[in-house]
Amino acid sequence: MAKLGREARKRRGLAPKKAQVAEVTKQLKEGQGFLLLNNKGLTLSQATVLRKKARDNKVYIKIIKNTLLRRALVDAGVDAESLDHLLVRETVLVIGLEDPVTPAKLVSDFIEDHDKLEIKGGYLDGEVLDVKGVEELSKLPSREELLGRLLGSLQAPAQNFVYALNAVVSKPVYLLDAIRRQKEEAA
């Protein structure tokens, strides 16, 4: 197979780059905030593990050039100038498609195990997050945990009502049982 020379690269043109920018722009618009990471030598097997976990948790991960990311941010309506200080070295973009907490938790857990990624910062609800902000975000409960807590809170009054009704019904039964035992002991 022949090497791609300057002529072949020119023929490819900007189409692949434009497609990549369009894909990332679409994900940024659909996402619930994003994180920017610094890749410090992630191996192929580690990247595969991370991508599988991301797919399972509905998180989009992309290693992208900073110039292309800048264009995608502008196209998505994000203030790219406020993120310029984070767009240095090789960037790994992590977007939460359903929940902004899940990517932060996923990345934090992965960094604890592998130490091949470094959090640069993030972006959520128009605010730029620093490393501390991302770490605090990762400590928040996920959407599923919050829904579970809400469901438990909604069920608690009904359960307490059932227990109260049960107590009203069972008190006379216990009283009659105590009177019966008392008469048996007296006899």
# chains A, B, ... in the order shown; residues from 1 in each chain; ligands from 1
$ select_by_dssp --residues "segment 107-172 of chain A" --states "strand (DSSP E)" --output "mmCIF file with C-alpha atoms, in the first residue's frame"
data_model
loop_
_atom_site.group_PDB
_atom_site.id
_atom_site.type_symbol
_atom_site.label_atom_id
_atom_site.label_comp_id
_atom_site.auth_asym_id
_atom_site.auth_seq_id
_atom_site.Cartn_x
_atom_site.Cartn_y
_atom_site.Cartn_z
ATOM 1 C CA LEU A 117 -5.981 11.169 32.461
ATOM 2 C CA GLU A 118 -5.941 14.579 34.089
ATOM 3 C CA ILE A 119 -8.992 16.787 34.503
ATOM 4 C CA LYS A 120 -8.493 20.205 32.918
ATOM 5 C CA GLY A 121 -11.962 21.548 33.678
ATOM 6 C CA GLY A 122 -15.509 21.491 32.456
ATOM 7 C CA TYR A 123 -18.532 23.464 31.349
ATOM 8 C CA LEU A 124 -22.016 23.267 32.833
ATOM 9 C CA GLU A 127 -20.288 28.227 33.745
ATOM 10 C CA VAL A 128 -16.667 27.138 33.332
ATOM 11 C CA LEU A 129 -15.703 24.588 35.981
#
$ residues_around --residues "segment 103-112 of chain A" --least-positions-apart "4" --cutoff "10 Å" --atoms "only C-alpha atoms" --output "ChimeraX atom specification"
/A:32-35,37,46,49-50,53-54,57-61,94-99,116-119,122,133-142
$ select_by_dssp --residues "segment 18-175 of chain A" --states "alpha helix (DSSP H)" --output "number ranges by chain"
A: 18-30, 44-56, 66-76, 101-114, 131-139, 143-175
$ atom_distance --atom1 "atom CA of Lys26 of chain A" --atom2 "atom CA of Arg70 of chain A"
13.8 Å
$ closest_residue --among "A:Ala178, A:Ala76, A:Leu44, A:Leu86" --to "Gly31 of chain A" --atoms "only C-alpha atoms"
A:Ala76
